[in-house]
Amino acid sequence: MSWRPIKRIAVSFLGTAILFSVVVSAGTSLVLLVSSSLGYLPYSDRPGPGWWGHPHWPSLAEAATYFGFAPFLAYFCLFFGLGLFALALVFGLASTSRWLTRVLGAILAGGAALLAVSAAGWYFAVASIGPDTAGILGLLYGAFLFPRFVHVRSDPLPAWMRIVLVSASSGLFAYWLVLPFLPHTPAPPISYDLIRLTPGNQSITAPEWQGQDVARELTALNLHGQVHGGIGGTGASSHDAPEIHVELVALEPITSEARLPIPKQGYVVYTLQNGKWTAHPSIEKTDKHTLILQPGTDPKYDGGRVQITGGKQFAFTWYPAIQTGN
């Protein structure tokens with residue numbers, strides 16, 4: 001067995017995914033440090049980026065601060081670096097000419113670096129000098145370093161296959177870069193409220209923030225009992241889409257996991273009885289998210305855990321407390 005193909009792929013991975021991330025993240029951090037030494041504050045909300053400082057030799061603490069950004073920048077760059085690795089394999093398979101590899105590599109790597117550092121820099125308010133520097137570094141990497149890790153086939157494929165491979169892979173990578181800027185369907189806010197009923201004569205009502213539809217549905221169900229508060233929250237929020245309301249009423253302890261569909265719009269009231277969650281009214285069209293309910297973790301008190309797919313899980317006990325077994 002020849003290890004040469006495996007070695008080439010490993011070298012290509014290190015030279016694309018890893019080297020791209022290192023060049024962009026370390027280079028950007030270095031420029032941020034140098035600009036700070038010249039008197040330009042390259043990040044921070046207050047007083048904000050600009051010429052707020054004075055020329056000075058950077059201290060070790062200052063250098064540690066700016067190079068401390070490098071791992072965070074590299075993390076974002078690595079995603080696109082993996083894409084460049086795949087691109088290098090396709091370009092090699094298509095025996096892409098060196099000049100075309102330089103041109104496409106410069107454009108795509110430059111755009112990837114600009115987007116990655118812009119996304120990462122948003123978290124710590126980096127000035128425009130950061131993404132601009134990253135874009136230039138990515139362009140230089142794509143033009144001069146990236147082609148070194150594209151190993152072309154000695155036996156070229158037919159011309160039409162080479163054209164299709166290069167066009168399709170480059171187009172997909174470019175689409176990946178512009179995808180965040182394309183219009184997206186607004187994600188509706190999902191508002192949920194979970195309560196527990198034990199025997200009693202009290203009529204239950206929906207909280208005002210759940211809306212009139214939920215209130216009417218609860219009235220129609222004619223549920224009575226002592227109300228124990230559980231947990232509520234909102235997930236998948238968006239300001240330009242109508243809110244979806246989900247009210248959950250447990251008439252017995254939560255003893256098993258349930259994955260409840262969420263309506264695409266409007267509202268739903270779920271009741272738990274005889275081990276089954278029932279939707280009122282029935283759901284015709286569902287949202288892409290699901291409400292996940294599980295038994296609680298406290299051995300002494302009844303409760304549960306709740307999570308919207310893709311979100312954080314929350315554990316709770318009912319209030320007033322219900323001791324386990326009651």
# chains A, B, ... in the order shown; residues from 1 in each chain; ligands from 1
>>> residues_around(residues="stretch 297-305 of chain A", least_positions_apart="6", cutoff="10 Å", atoms="only C-alpha atoms", output="tab-separated table (two decimals) with N, CA and C atoms, in the first residue's frame")
chain	number	residue	atom	x	y	z
A	194	LEU	N	-45.82	26.61	30.80
A	194	LEU	CA	-46.10	25.25	31.29
A	194	LEU	C	-46.55	25.31	32.74
A	196	ARG	N	-48.98	23.09	36.02
A	196	ARG	CA	-49.40	21.78	36.52
A	196	ARG	C	-50.67	21.96	37.33
A	230	GLY	N	-44.93	26.47	36.52
A	230	GLY	CA	-43.80	25.68	36.03
A	230	GLY	C	-42.72	26.56	35.46
A	231	ILE	N	-42.77	26.77	34.17
A	231	ILE	CA	-41.74	27.55	33.50
A	231	ILE	C	-42.32	28.08	32.20
A	252	GLU	N	-50.98	15.61	35.31
A	252	GLU	CA	-50.30	14.54	36.04
A	252	GLU	C	-48.79	14.75	35.89
A	253	PRO	N	-47.98	14.04	36.66
A	253	PRO	CA	-46.53	14.23	36.56
A	253	PRO	C	-46.00	13.89	35.16
A	254	ILE	N	-44.92	14.56	34.78
A	254	ILE	CA	-44.24	14.26	33.52
A	254	ILE	C	-43.30	13.08	33.79
A	255	THR	N	-43.62	11.93	33.21
A	255	THR	CA	-42.87	10.71	33.51
A	255	THR	C	-42.06	10.19	32.33
A	256	SER	N	-42.24	10.74	31.16
A	256	SER	CA	-41.49	10.28	29.99
A	256	SER	C	-41.24	11.44	29.04
A	257	GLU	N	-40.28	11.25	28.17
A	257	GLU	CA	-39.95	12.31	27.21
A	257	GLU	C	-41.04	12.43	26.15
A	313	GLN	N	-31.65	23.78	27.48
A	313	GLN	CA	-32.60	23.03	28.28
A	313	GLN	C	-32.71	23.64	29.68
A	314	PHE	N	-33.94	23.72	30.20
A	314	PHE	CA	-34.18	24.28	31.52
A	314	PHE	C	-34.86	23.23	32.40
A	315	ALA	N	-34.32	23.01	33.60
A	315	ALA	CA	-34.93	22.11	34.57
A	315	ALA	C	-35.69	22.94	35.60
A	316	PHE	N	-36.80	22.40	36.13
A	316	PHE	CA	-37.63	23.17	37.06
A	316	PHE	C	-38.39	22.23	37.98
A	317	THR	N	-38.90	22.77	39.08
A	317	THR	CA	-39.87	22.08	39.93
A	317	THR	C	-41.10	22.97	40.01
A	318	TRP	N	-42.24	22.35	40.25
A	318	TRP	CA	-43.48	23.13	40.29
A	318	TRP	C	-43.53	24.02	41.53
A	319	TYR	N	-44.26	25.13	41.40
A	319	TYR	CA	-44.44	26.03	42.55
A	319	TYR	C	-45.91	26.41	42.64
A	321	ALA	N	-44.58	23.82	45.58
A	321	ALA	CA	-43.88	22.55	45.38
A	321	ALA	C	-44.81	21.36	45.54
A	322	ILE	N	-44.53	20.32	44.75
A	322	ILE	CA	-45.26	19.05	44.84
A	322	ILE	C	-44.23	17.97	45.15
A	323	GLN	N	-44.33	17.38	46.32
A	323	GLN	CA	-43.39	16.33	46.68
A	323	GLN	C	-43.60	15.10	45.82
A	324	THR	N	-42.51	14.43	45.48
A	324	THR	CA	-42.59	13.24	44.64
A	324	THR	C	-43.48	12.18	45.28
A	325	GLY	N	-44.39	11.64	44.47
A	325	GLY	CA	-45.30	10.62	44.97
A	325	GLY	C	-46.64	11.16	45.37
A	326	ASN	N	-46.79	12.51	45.45
A	326	ASN	CA	-48.09	13.08	45.82
A	326	ASN	C	-48.89	13.41	44.57
>>> residues_around(residues="A:Tyr175", least_positions_apart="5", cutoff="12 Å", atoms="only C-alpha atoms", output="list in words")
Gly83, Leu108, Gly111, Ala112, Ser167, Ala168, Ser169, Ser170, Pro180, Phe181 and Leu182 of chain A
>>> write_last_selection(atoms="C-alpha atoms", output="PDB file, in the first residue's frame")
ATOM      1  CA  GLY A  83     -14.207  24.555   2.615  1.00  0.00           C
ATOM      2  CA  LEU A 108     -12.826  33.015  -2.437  1.00  0.00           C
ATOM      3  CA  GLY A 111     -14.130  36.769   0.892  1.00  0.00           C
ATOM      4  CA  ALA A 112     -14.039  33.936   3.420  1.00  0.00           C
ATOM      5  CA  SER A 167     -17.550  25.851 -11.853  1.00  0.00           C
ATOM      6  CA  ALA A 168     -19.783  23.912  -9.472  1.00  0.00           C
ATOM      7  CA  SER A 169     -17.329  23.882  -6.540  1.00  0.00           C
ATOM      8  CA  SER A 170     -16.466  27.565  -6.907  1.00  0.00           C
ATOM      9  CA  PRO A 180     -25.913  35.205   5.201  1.00  0.00           C
ATOM     10  CA  PHE A 181     -26.778  38.308   3.155  1.00  0.00           C
ATOM     11  CA  LEU A 182     -29.688  36.780   1.244  1.00  0.00           C
TER      12      LEU A 182
END
>>> residues_around(residues="stretch 60-64 of chain A", least_positions_apart="2", cutoff="10 Å", atoms="only C-alpha atoms", output="ChimeraX atom specification")
/A:29-30,32-34,36-37,57-58,66-70
>>> atom_distance(atom1="atom CA of A:Phe91", atom2="atom CA of A:Ala74")
24.0 Å
>>> residues_around(residues="A:Thr286", least_positions_apart="6", cutoff="12 Å", atoms="only C-alpha atoms", output="ChimeraX atom specification")
/A:244,260-268
>>> atom_distance(atom1="atom CA of A:Phe85", atom2="atom CA of A:Ala17")
5.7 Å
>>> select_by_dssp(residues="stretch 38-252 of chain A", states="strand (DSSP E)", output="ChimeraX atom specification")
/A:190-203,224-235,244-250
>>> residues_around(residues="A:Leu218", least_positions_apart="2", cutoff="8 Å", atoms="only C-alpha atoms", output="PyMOL selection string")
chain A and resi 204-206+214-216+220-223+269
